[in-house]
Amino acid sequence: MTATSAPTSAPERGAEPAPAAPGDSAGPARPAGTTETVPAGAPSPEELHGPVVEWFDANARDLPWRRPEAGAWGVMVSEFMLQQTPVSRVLPVYEEWLRRWPRPADLAAESPGEAVRAWGRLGYPRRALRLHGAAAAIAERHGGDVPKDHHHLLALPGVGEYTAAAVASFAYGQRHAVLDTNVRRVFARAVTGSQYPPNATTAAERKLARMLLPEDPGTAARWAAATMELGALVCTARTPRCGTCPIARQCAWQRAGAPEHEGPPRRVQTYAGTDRQVRGKLLAVLRESLAPVPPAVLDQAWRDPVQRLRALNGLLADGLVERLPDGRFRLPGA
DNA sequence: TATTCGTGGGA
DNA sequence: TTCCCAAGAAT
């Protein structure tokens with residue numbers, strides 16, 4: 001793989017609206033376009049960059065997908081696995097995947113069912129299917145190399161705004177706003193002064209992330225990784241370790257006295273008794289069986305036949321399960 | 001915009 | 001034990 005070339009995507013600049021914010025002529029001067037996004041008194045980008053990046057240099061975890069030998073494919077595999085799944089559970093599966101399928105074409109040559117099986121219990125197995133599909137698309141459309149262009153990345157199955165930016169940034173050193181749940185929380189606290197970010201990513205958050213992004217691509221990539229790591233290790237959701245935070249003194253939330261979240265409690269996803277749990281039970285049976293499974297075996301995975309059938313049909317519709325002519329079931333193409 | 005989609009570990 | 005919630009994407 002070649003080293004980082006010039007960023008191919010358009011720099012995330014110029015999207016900020018002209019100042020012209022009415023009614024603030026009496027207030028202190030602020031940079032254009034920061035109105036409504038950055039509260040008065042919030043730390044400037046320069047106050048945050050140094051401490052956060054220095055902290056990262058000293059405290060970054062040695063994760064396999066951060067090592068140079070991981071390559072863009074390793075970064076992409078890790079990003080898929082880390083979507084909603086903790087690092088500790090991803091580690092062993094990641095190692096196994098890269099050992100088995102060191103290049104996208106290796107995975108593409110495999111059946112989708114094998115990808116689902118090797119996904120193990122990481123959860124959300126559709127990600128395995130999408131990663132397999134992404135590998136196939138990379139093999140077919142990109143000569144077997146993970147594309148560098150943000151636009152091409154976004155076109156791959158399972159790659160959304162976050163993952164496209166993460167791969168472009170971490171694998172290729174490009175300048176992109178990388179907005180994951182960690183970064184959103186760090187910005188919400190340090191800059192906006194809120195304990196938690198909004199439920200869904202807002203335009204204001206994207207704008208803020210772009211404004212905080214260092215100009216130099218390499219520095220921007222470093223900043224992206226550093227803010228994520230800070231959110232993962234220090235500025236955690238439940239009990240942040242503000243005593244060890246490199247920007248605790250600049251933090252708007254700390255300065256405001258760390259006020260508790262106001263408003264309606266954030267919805268917690270239920271799981272017990274849902275279709276998701278049933279799907280999980282059914283798929284676990286199929287994952288662990290090398291031979292196709294008769295319907296009677298699946299019947300034992302869940303009591304309620306109505307819900308069981310609904311879940312099975314969902315799995316079939318998603319392409320996670322295949323029904324053979326003889327009525328037995330298996331992972332797709334396995 | 002709101003839902004759906006797994007799983008397991010820490011507090 | 002129960003309750004959160006963990007590097008999102010697709011619809």
# chains A, B, ... in the order shown; residues from 1 in each chain; ligands from 1
>>> interface_residues(of="chain B", to="chain A", cutoff="6 Å", atoms="only C-alpha atoms (C1' of nucleotides)", output="compact mmCIF listing (two decimals) with N, CA and C atoms (P, O5', C5', C4', C3', O3' and C1' of nucleotides), in the first residue's frame")
# COMPACT_ATOMS: atom_id res chain seq x y z
P DC B 5 -36.02 -6.75 14.67
O5' DC B 5 -34.45 -6.89 14.51
C5' DC B 5 -33.89 -6.84 13.20
C4' DC B 5 -32.39 -6.68 13.31
C3' DC B 5 -31.77 -7.58 14.39
O3' DC B 5 -30.78 -8.42 13.84
C1' DC B 5 -30.94 -5.37 14.50
P DG B 6 -30.33 -9.71 14.71
O5' DG B 6 -29.87 -9.06 16.11
C5' DG B 6 -29.85 -9.84 17.26
C4' DG B 6 -28.46 -10.36 17.49
C3' DG B 6 -28.35 -11.34 18.65
O3' DG B 6 -27.25 -12.18 18.36
C1' DG B 6 -27.21 -9.38 19.22
P DT B 7 -27.05 -13.45 19.28
O5' DT B 7 -26.15 -12.87 20.45
C5' DT B 7 -24.86 -12.41 20.12
C4' DT B 7 -24.21 -11.75 21.31
C3' DT B 7 -24.40 -12.50 22.64
O3' DT B 7 -23.19 -13.18 22.91
C1' DT B 7 -24.47 -10.12 22.85
>>> interface_residues(of="chain C", to="chain A", cutoff="7 Å", atoms="only C-alpha atoms (C1' of nucleotides)", output="VMD selection string")
chain C and resid 6 to 9
>>> write_last_selection(atoms="N, CA, C and O atoms (P, O5', C5', C4', C3', O3' and C1' of nucleotides)", output="PDB file, in the first residue's frame")
ATOM      1  P    DA C   6     -21.566   3.633  26.076  1.00  0.00           P
ATOM      2  O5'  DA C   6     -20.370   2.925  25.256  1.00  0.00           O
ATOM      3  C5'  DA C   6     -19.680   1.838  25.838  1.00  0.00           C
ATOM      4  C4'  DA C   6     -19.249   0.899  24.727  1.00  0.00           C
ATOM      5  C3'  DA C   6     -19.365   1.476  23.324  1.00  0.00           C
ATOM      6  O3'  DA C   6     -18.052   1.798  22.863  1.00  0.00           O
ATOM      7  C1'  DA C   6     -20.421  -0.681  23.467  1.00  0.00           C
ATOM      8  P    DA C   7     -17.704   3.232  22.701  1.00  0.00           P
ATOM      9  O5'  DA C   7     -17.845   3.457  21.152  1.00  0.00           O
ATOM     10  C5'  DA C   7     -16.659   3.299  20.388  1.00  0.00           C
ATOM     11  C4'  DA C   7     -17.073   3.519  18.956  1.00  0.00           C
ATOM     12  C3'  DA C   7     -17.818   2.309  18.396  1.00  0.00           C
ATOM     13  O3'  DA C   7     -18.704   2.777  17.373  1.00  0.00           O
ATOM     14  C1'  DA C   7     -15.791   2.643  17.266  1.00  0.00           C
ATOM     15  P    DG C   8     -20.227   2.885  17.749  1.00  0.00           P
ATOM     16  O5'  DG C   8     -20.939   2.533  16.360  1.00  0.00           O
ATOM     17  C5'  DG C   8     -20.997   3.511  15.329  1.00  0.00           C
ATOM     18  C4'  DG C   8     -21.296   2.771  14.036  1.00  0.00           C
ATOM     19  C3'  DG C   8     -21.777   3.681  12.919  1.00  0.00           C
ATOM     20  O3'  DG C   8     -21.362   3.086  11.699  1.00  0.00           O
ATOM     21  C1'  DG C   8     -23.556   2.292  13.625  1.00  0.00           C
ATOM     22  P    DA C   9     -21.789   3.730  10.313  1.00  0.00           P
ATOM     23  O5'  DA C   9     -22.978   2.784   9.825  1.00  0.00           O
ATOM     24  C5'  DA C   9     -22.716   1.394   9.680  1.00  0.00           C
ATOM     25  C4'  DA C   9     -23.876   0.695   9.002  1.00  0.00           C
ATOM     26  C3'  DA C   9     -24.451   1.437   7.797  1.00  0.00           C
ATOM     27  O3'  DA C   9     -24.701   0.476   6.783  1.00  0.00           O
ATOM     28  C1'  DA C   9     -26.144   1.110   9.438  1.00  0.00           C
TER      29       DA C   9
END
>>> residues_around(residues="DT3 in chain B", least_positions_apart="4", cutoff="12 Å", atoms="only C-alpha atoms (C1' of nucleotides)", output="PyMOL selection string")
(chain A and resi 267+269) or (chain C and resi 10-11)
>>> write_last_selection(atoms="N, CA and C atoms (P, O5', C5', C4', C3', O3' and C1' of nucleotides)", output="mmCIF file, in the first residue's frame")
data_model
loop_
_atom_site.group_PDB
_atom_site.id
_atom_site.type_symbol
_atom_site.label_atom_id
_atom_site.label_comp_id
_atom_site.auth_asym_id
_atom_site.auth_seq_id
_atom_site.Cartn_x
_atom_site.Cartn_y
_atom_site.Cartn_z
ATOM 1 N N ARG A 267 -33.994 6.381 26.108
ATOM 2 C CA ARG A 267 -34.588 5.054 25.979
ATOM 3 C C ARG A 267 -33.536 3.963 26.071
ATOM 4 N N GLN A 269 -32.821 0.076 25.232
ATOM 5 C CA GLN A 269 -33.343 -0.962 24.354
ATOM 6 C C GLN A 269 -33.672 -2.213 25.159
ATOM 7 P P DA C 10 -25.345 0.891 5.385
ATOM 8 O "O5'" DA C 10 -26.880 0.517 5.583
ATOM 9 C "C5'" DA C 10 -27.202 -0.803 5.967
ATOM 10 C "C4'" DA C 10 -28.703 -0.956 6.097
ATOM 11 C "C3'" DA C 10 -29.506 -0.349 4.948
ATOM 12 O "O3'" DA C 10 -30.524 -1.281 4.606
ATOM 13 C "C1'" DA C 10 -30.267 0.532 6.993
ATOM 14 P P DT C 11 -31.417 -1.147 3.311
ATOM 15 O "O5'" DT C 11 -32.830 -0.696 3.886
ATOM 16 C "C5'" DT C 11 -33.397 -1.455 4.961
ATOM 17 C "C4'" DT C 11 -34.535 -0.677 5.563
ATOM 18 C "C3'" DT C 11 -35.398 0.076 4.535
ATOM 19 O "O3'" DT C 11 -36.752 -0.260 4.734
ATOM 20 C "C1'" DT C 11 -34.873 1.440 6.355
#
>>> atom_distance(atom1="CA of Glu260 in chain A", atom2="CA of Gly50 in chain A")
28.1 Å
>>> atom_distance(atom1="CA of Phe170 in chain A", atom2="CA of Val75 in chain A")
7.2 Å
>>> atom_distance(atom1="CA of Ser111 in chain A", atom2="CA of Ala334 in chain A")
6.0 Å
>>> select_by_dssp(residues="range 188-332 of chain A", states="strand (DSSP E)", output="MDAnalysis selection string")
chainID A and resid 322:323 329:330
>>> residues_around(residues="Leu153 in chain A", least_positions_apart="5", cutoff="9 Å", atoms="only C-alpha atoms (C1' of nucleotides)", output="list in words")
Val146, Pro147, Lys148, Val159, Gly160, Thr163, Ala164, Ala165, Val167 and Ala168 of chain A
>>> write_last_selection(atoms="all heavy atoms", output="PDB file, in the first residue's frame")
ATOM      1  N   VAL A 146      -8.900  -1.791  -0.701  1.00  0.00           N
ATOM      2  CA  VAL A 146      -9.886  -0.949  -0.034  1.00  0.00           C
ATOM      3  C   VAL A 146      -9.789   0.463  -0.612  1.00  0.00           C
ATOM      4  O   VAL A 146      -8.707   1.047  -0.617  1.00  0.00           O
ATOM      5  CB  VAL A 146      -9.622  -0.900   1.487  1.00  0.00           C
ATOM      6  CG1 VAL A 146     -10.585   0.065   2.168  1.00  0.00           C
ATOM      7  CG2 VAL A 146      -9.737  -2.296   2.089  1.00  0.00           C
ATOM      8  N   PRO A 147     -10.883   0.982  -1.142  1.00  0.00           N
ATOM      9  CA  PRO A 147     -10.827   2.308  -1.781  1.00  0.00           C
ATOM     10  C   PRO A 147     -10.436   3.397  -0.783  1.00  0.00           C
ATOM     11  O   PRO A 147     -10.720   3.299   0.412  1.00  0.00           O
ATOM     12  CB  PRO A 147     -12.249   2.511  -2.304  1.00  0.00           C
ATOM     13  CG  PRO A 147     -13.101   1.569  -1.533  1.00  0.00           C
ATOM     14  CD  PRO A 147     -12.230   0.407  -1.184  1.00  0.00           C
ATOM     15  N   LYS A 148      -9.812   4.429  -1.316  1.00  0.00           N
ATOM     16  CA  LYS A 148      -9.393   5.546  -0.473  1.00  0.00           C
ATOM     17  C   LYS A 148     -10.425   6.662  -0.450  1.00  0.00           C
ATOM     18  O   LYS A 148     -10.485   7.440   0.496  1.00  0.00           O
ATOM     19  CB  LYS A 148      -8.058   6.126  -0.989  1.00  0.00           C
ATOM     20  CG  LYS A 148      -6.895   5.185  -0.856  1.00  0.00           C
ATOM     21  CD  LYS A 148      -5.615   5.881  -1.324  1.00  0.00           C
ATOM     22  CE  LYS A 148      -4.413   4.976  -1.056  1.00  0.00           C
ATOM     23  NZ  LYS A 148      -3.157   5.607  -1.523  1.00  0.00           N
ATOM     24  N   VAL A 159     -21.141   0.283   5.155  1.00  0.00           N
ATOM     25  CA  VAL A 159     -20.304   1.451   5.428  1.00  0.00           C
ATOM     26  C   VAL A 159     -21.168   2.699   5.423  1.00  0.00           C
ATOM     27  O   VAL A 159     -21.705   3.073   4.391  1.00  0.00           O
ATOM     28  CB  VAL A 159     -19.170   1.588   4.392  1.00  0.00           C
ATOM     29  CG1 VAL A 159     -18.366   2.866   4.644  1.00  0.00           C
ATOM     30  CG2 VAL A 159     -18.262   0.370   4.435  1.00  0.00           C
ATOM     31  N   GLY A 160     -21.284   3.324   6.564  1.00  0.00           N
ATOM     32  CA  GLY A 160     -22.034   4.561   6.684  1.00  0.00           C
ATOM     33  C   GLY A 160     -21.095   5.733   6.879  1.00  0.00           C
ATOM     34  O   GLY A 160     -19.882   5.621   6.652  1.00  0.00           O
ATOM     35  N   THR A 163     -18.109   4.968   9.437  1.00  0.00           N
ATOM     36  CA  THR A 163     -17.110   3.997   9.009  1.00  0.00           C
ATOM     37  C   THR A 163     -16.306   4.508   7.817  1.00  0.00           C
ATOM     38  O   THR A 163     -15.089   4.303   7.747  1.00  0.00           O
ATOM     39  CB  THR A 163     -17.783   2.656   8.675  1.00  0.00           C
ATOM     40  OG1 THR A 163     -18.478   2.190   9.839  1.00  0.00           O
ATOM     41  CG2 THR A 163     -16.776   1.610   8.246  1.00  0.00           C
ATOM     42  N   ALA A 164     -16.956   5.198   6.895  1.00  0.00           N
ATOM     43  CA  ALA A 164     -16.239   5.757   5.746  1.00  0.00           C
ATOM     44  C   ALA A 164     -15.189   6.760   6.214  1.00  0.00           C
ATOM     45  O   ALA A 164     -14.041   6.740   5.769  1.00  0.00           O
ATOM     46  CB  ALA A 164     -17.220   6.416   4.785  1.00  0.00           C
ATOM     47  N   ALA A 165     -15.574   7.602   7.135  1.00  0.00           N
ATOM     48  CA  ALA A 165     -14.637   8.602   7.647  1.00  0.00           C
ATOM     49  C   ALA A 165     -13.513   7.941   8.440  1.00  0.00           C
ATOM     50  O   ALA A 165     -12.354   8.345   8.352  1.00  0.00           O
ATOM     51  CB  ALA A 165     -15.379   9.623   8.512  1.00  0.00           C
ATOM     52  N   VAL A 167     -12.255   4.844   8.134  1.00  0.00           N
ATOM     53  CA  VAL A 167     -11.304   4.143   7.278  1.00  0.00           C
ATOM     54  C   VAL A 167     -10.432   5.153   6.523  1.00  0.00           C
ATOM     55  O   VAL A 167      -9.211   5.011   6.445  1.00  0.00           O
ATOM     56  CB  VAL A 167     -12.040   3.217   6.287  1.00  0.00           C
ATOM     57  CG1 VAL A 167     -11.073   2.646   5.256  1.00  0.00           C
ATOM     58  CG2 VAL A 167     -12.735   2.084   7.047  1.00  0.00           C
ATOM     59  N   ALA A 168     -11.062   6.179   5.982  1.00  0.00           N
ATOM     60  CA  ALA A 168     -10.301   7.192   5.237  1.00  0.00           C
ATOM     61  C   ALA A 168      -9.277   7.870   6.157  1.00  0.00           C
ATOM     62  O   ALA A 168      -8.162   8.174   5.748  1.00  0.00           O
ATOM     63  CB  ALA A 168     -11.250   8.231   4.640  1.00  0.00           C
TER      64      ALA A 168
END
>>> residues_around(residues="Asp299 in chain A", least_positions_apart="4", cutoff="12 Å", atoms="only C-alpha atoms (C1' of nucleotides)", output="ChimeraX atom specification")
/A:278,281-282,285,293-295,303-309,311-312,329
>>> write_last_selection(atoms="all heavy atoms", output="tab-separated table (two decimals), in the first residue's frame")
chain	number	residue	atom	x	y	z
A	278	VAL	N	-34.83	-14.11	19.75
A	278	VAL	CA	-35.19	-15.35	19.08
A	278	VAL	C	-34.29	-15.58	17.87
A	278	VAL	O	-33.82	-16.70	17.63
A	278	VAL	CB	-36.67	-15.31	18.65
A	278	VAL	CG1	-37.08	-16.66	18.08
A	278	VAL	CG2	-37.56	-14.95	19.84
A	281	LYS	N	-31.08	-16.92	19.03
A	281	LYS	CA	-31.14	-18.34	19.41
A	281	LYS	C	-31.09	-19.23	18.17
A	281	LYS	O	-30.36	-20.22	18.13
A	281	LYS	CB	-32.44	-18.61	20.19
A	281	LYS	CG	-32.54	-17.89	21.51
A	281	LYS	CD	-31.82	-18.61	22.61
A	281	LYS	CE	-32.17	-18.03	23.97
A	281	LYS	NZ	-31.20	-18.46	24.99
A	282	LEU	N	-31.90	-18.88	17.19
A	282	LEU	CA	-31.97	-19.68	15.97
A	282	LEU	C	-30.63	-19.69	15.25
A	282	LEU	O	-30.13	-20.75	14.82
A	282	LEU	CB	-33.06	-19.14	15.05
A	282	LEU	CG	-34.50	-19.26	15.56
A	282	LEU	CD1	-35.47	-18.54	14.62
A	282	LEU	CD2	-34.90	-20.72	15.72
A	285	VAL	N	-27.92	-21.88	16.76
A	285	VAL	CA	-28.04	-23.30	16.43
A	285	VAL	C	-27.39	-23.59	15.07
A	285	VAL	O	-26.63	-24.54	14.90
A	285	VAL	CB	-29.52	-23.74	16.41
A	285	VAL	CG1	-29.66	-25.16	15.88
A	285	VAL	CG2	-30.13	-23.61	17.80
A	293	VAL	N	-29.70	-28.12	9.25
A	293	VAL	CA	-30.49	-28.42	10.45
A	293	VAL	C	-31.96	-28.65	10.10
A	293	VAL	O	-32.58	-27.82	9.43
A	293	VAL	CB	-30.38	-27.24	11.44
A	293	VAL	CG1	-31.29	-27.44	12.63
A	293	VAL	CG2	-28.93	-27.06	11.88
A	294	PRO	N	-32.52	-29.75	10.57
A	294	PRO	CA	-33.95	-30.01	10.35
A	294	PRO	C	-34.80	-29.02	11.16
A	294	PRO	O	-34.38	-28.59	12.23
A	294	PRO	CB	-34.15	-31.44	10.88
A	294	PRO	CG	-32.79	-32.01	11.05
A	294	PRO	CD	-31.86	-30.86	11.27
A	295	PRO	N	-36.00	-28.73	10.64
A	295	PRO	CA	-36.88	-27.79	11.34
A	295	PRO	C	-37.13	-28.17	12.80
A	295	PRO	O	-37.22	-27.29	13.67
A	295	PRO	CB	-38.18	-27.86	10.53
A	295	PRO	CG	-37.76	-28.33	9.18
A	295	PRO	CD	-36.57	-29.20	9.38
A	303	ARG	N	-39.85	-21.44	22.37
A	303	ARG	CA	-41.15	-22.04	22.63
A	303	ARG	C	-42.26	-21.56	21.69
A	303	ARG	O	-42.88	-22.34	20.98
A	303	ARG	CB	-41.59	-21.73	24.07
A	303	ARG	CG	-41.18	-22.78	25.09
A	303	ARG	CD	-41.51	-24.16	24.68
A	303	ARG	NE	-41.88	-25.12	25.72
A	303	ARG	CZ	-41.53	-25.13	26.99
A	303	ARG	NH1	-40.82	-24.14	27.51
A	303	ARG	NH2	-41.91	-26.10	27.80
A	304	ASP	N	-42.48	-20.27	21.70
A	304	ASP	CA	-43.61	-19.70	20.95
A	304	ASP	C	-43.43	-19.89	19.45
A	304	ASP	O	-42.54	-19.31	18.84
A	304	ASP	CB	-43.71	-18.21	21.30
A	304	ASP	CG	-44.84	-17.54	20.52
A	304	ASP	OD1	-45.59	-18.24	19.84
A	304	ASP	OD2	-44.94	-16.31	20.60
A	305	PRO	N	-44.30	-20.72	18.82
A	305	PRO	CA	-44.14	-21.01	17.40
A	305	PRO	C	-44.38	-19.80	16.51
A	305	PRO	O	-43.78	-19.67	15.45
A	305	PRO	CB	-45.18	-22.10	17.13
A	305	PRO	CG	-46.16	-22.00	18.24
A	305	PRO	CD	-45.43	-21.46	19.42
A	306	VAL	N	-45.27	-18.91	16.93
A	306	VAL	CA	-45.55	-17.72	16.12
A	306	VAL	C	-44.32	-16.83	16.03
A	306	VAL	O	-43.88	-16.42	14.95
A	306	VAL	CB	-46.74	-16.94	16.72
A	306	VAL	CG1	-46.93	-15.63	15.96
A	306	VAL	CG2	-48.02	-17.77	16.65
A	307	GLN	N	-43.75	-16.56	17.19
A	307	GLN	CA	-42.57	-15.70	17.21
A	307	GLN	C	-41.37	-16.39	16.57
A	307	GLN	O	-40.55	-15.76	15.90
A	307	GLN	CB	-42.23	-15.30	18.64
A	307	GLN	CG	-41.22	-14.16	18.73
A	307	GLN	CD	-40.95	-13.73	20.15
A	307	GLN	OE1	-41.17	-14.49	21.09
A	307	GLN	NE2	-40.50	-12.50	20.31
A	308	ARG	N	-41.31	-17.70	16.76
A	308	ARG	CA	-40.20	-18.45	16.18
A	308	ARG	C	-40.23	-18.37	14.65
A	308	ARG	O	-39.22	-18.15	14.00
A	308	ARG	CB	-40.29	-19.91	16.63
A	308	ARG	CG	-39.04	-20.72	16.37
A	308	ARG	CD	-39.19	-22.10	16.95
A	308	ARG	NE	-40.26	-22.85	16.34
A	308	ARG	CZ	-41.23	-23.49	17.01
A	308	ARG	NH1	-41.24	-23.46	18.32
A	308	ARG	NH2	-42.16	-24.15	16.36
A	309	LEU	N	-41.42	-18.53	14.10
A	309	LEU	CA	-41.55	-18.48	12.65
A	309	LEU	C	-41.28	-17.07	12.12
A	309	LEU	O	-40.65	-16.89	11.08
A	309	LEU	CB	-42.96	-18.93	12.23
A	309	LEU	CG	-43.18	-19.02	10.73
A	309	LEU	CD1	-42.21	-20.03	10.11
A	309	LEU	CD2	-44.62	-19.41	10.40
A	311	ALA	N	-39.33	-14.87	13.44
A	311	ALA	CA	-37.88	-14.64	13.50
A	311	ALA	C	-37.16	-15.38	12.37
A	311	ALA	O	-36.27	-14.83	11.72
A	311	ALA	CB	-37.35	-15.08	14.85
A	312	LEU	N	-37.58	-16.61	12.13
A	312	LEU	CA	-36.94	-17.40	11.07
A	312	LEU	C	-37.17	-16.76	9.71
A	312	LEU	O	-36.24	-16.67	8.89
A	312	LEU	CB	-37.49	-18.83	11.09
A	312	LEU	CG	-36.89	-19.80	10.07
A	312	LEU	CD1	-35.38	-19.89	10.25
A	312	LEU	CD2	-37.52	-21.18	10.20
A	329	PHE	N	-32.42	-26.25	7.13
A	329	PHE	CA	-31.89	-24.89	7.12
A	329	PHE	C	-30.38	-24.88	7.36
A	329	PHE	O	-29.83	-25.77	8.01
A	329	PHE	CB	-32.57	-24.05	8.20
A	329	PHE	CG	-34.05	-23.89	7.99
A	329	PHE	CD1	-34.96	-24.78	8.58
A	329	PHE	CD2	-34.56	-22.88	7.17
A	329	PHE	CE1	-36.32	-24.64	8.37
A	329	PHE	CE2	-35.93	-22.75	6.96
A	329	PHE	CZ	-36.81	-23.63	7.57
>>> residues_around(residues="DA11 in chain B", least_positions_apart="6", cutoff="12 Å", atoms="only C-alpha atoms (C1' of nucleotides)", output="list in words")
Arg238 and Thr239 of chain A; DT1, DT2, DC3, DC4 and DC5 of chain C
>>> write_last_selection(atoms="N, CA, C and O atoms (P, O5', C5', C4', C3', O3' and C1' of nucleotides)", output="short mmCIF file (atom, residue, chain, number, x, y, z; two decimals), in the first residue's frame")
data_model
loop_
_atom_site.label_atom_id
_atom_site.label_comp_id
_atom_site.auth_asym_id
_atom_site.auth_seq_id
_atom_site.Cartn_x
_atom_site.Cartn_y
_atom_site.Cartn_z
N ARG A 238 -20.76 6.48 31.75
CA ARG A 238 -21.31 6.33 33.10
C ARG A 238 -20.55 7.14 34.14
O ARG A 238 -21.12 8.04 34.76
N THR A 239 -19.31 6.81 34.38
CA THR A 239 -18.53 7.52 35.40
C THR A 239 -17.22 8.00 34.82
O THR A 239 -16.21 7.31 34.88
P DT C 1 -28.42 -13.48 39.28
"O5'" DT C 1 -29.72 -12.99 40.04
"C5'" DT C 1 -29.67 -12.10 41.18
"C4'" DT C 1 -30.65 -10.96 40.97
"C3'" DT C 1 -31.08 -10.73 39.52
"O3'" DT C 1 -32.39 -10.19 39.46
"C1'" DT C 1 -29.64 -8.97 40.24
P DT C 2 -33.10 -9.94 38.01
"O5'" DT C 2 -32.84 -8.39 37.79
"C5'" DT C 2 -33.19 -7.47 38.82
"C4'" DT C 2 -32.73 -6.08 38.43
"C3'" DT C 2 -33.12 -5.64 37.02
"O3'" DT C 2 -33.59 -4.30 37.09
"C1'" DT C 2 -30.78 -5.49 37.27
P DC C 3 -34.19 -3.59 35.82
"O5'" DC C 3 -32.99 -2.63 35.40
"C5'" DC C 3 -32.38 -1.82 36.40
"C4'" DC C 3 -31.14 -1.16 35.84
"C3'" DC C 3 -31.32 -0.58 34.44
"O3'" DC C 3 -30.73 0.71 34.42
"C1'" DC C 3 -29.46 -2.04 34.48
P DC C 4 -31.44 1.83 33.56
"O5'" DC C 4 -30.26 2.31 32.65
"C5'" DC C 4 -29.46 1.37 32.04
"C4'" DC C 4 -28.00 1.80 32.10
"C3'" DC C 4 -27.53 2.40 30.79
"O3'" DC C 4 -26.50 3.32 31.04
"C1'" DC C 4 -26.56 0.23 31.13
P DC C 5 -26.28 4.39 29.87
"O5'" DC C 5 -25.33 3.63 28.85
"C5'" DC C 5 -24.13 3.03 29.32
"C4'" DC C 5 -23.58 2.14 28.25
"C3'" DC C 5 -23.87 2.62 26.81
"O3'" DC C 5 -22.72 2.45 26.02
"C1'" DC C 5 -24.47 0.39 27.04
#
>>> closest_residue(among="A:Ala40, A:Gly120, A:Glu262, A:Pro112", to="Glu322 in chain A", atoms="only C-alpha atoms")
A:Pro112
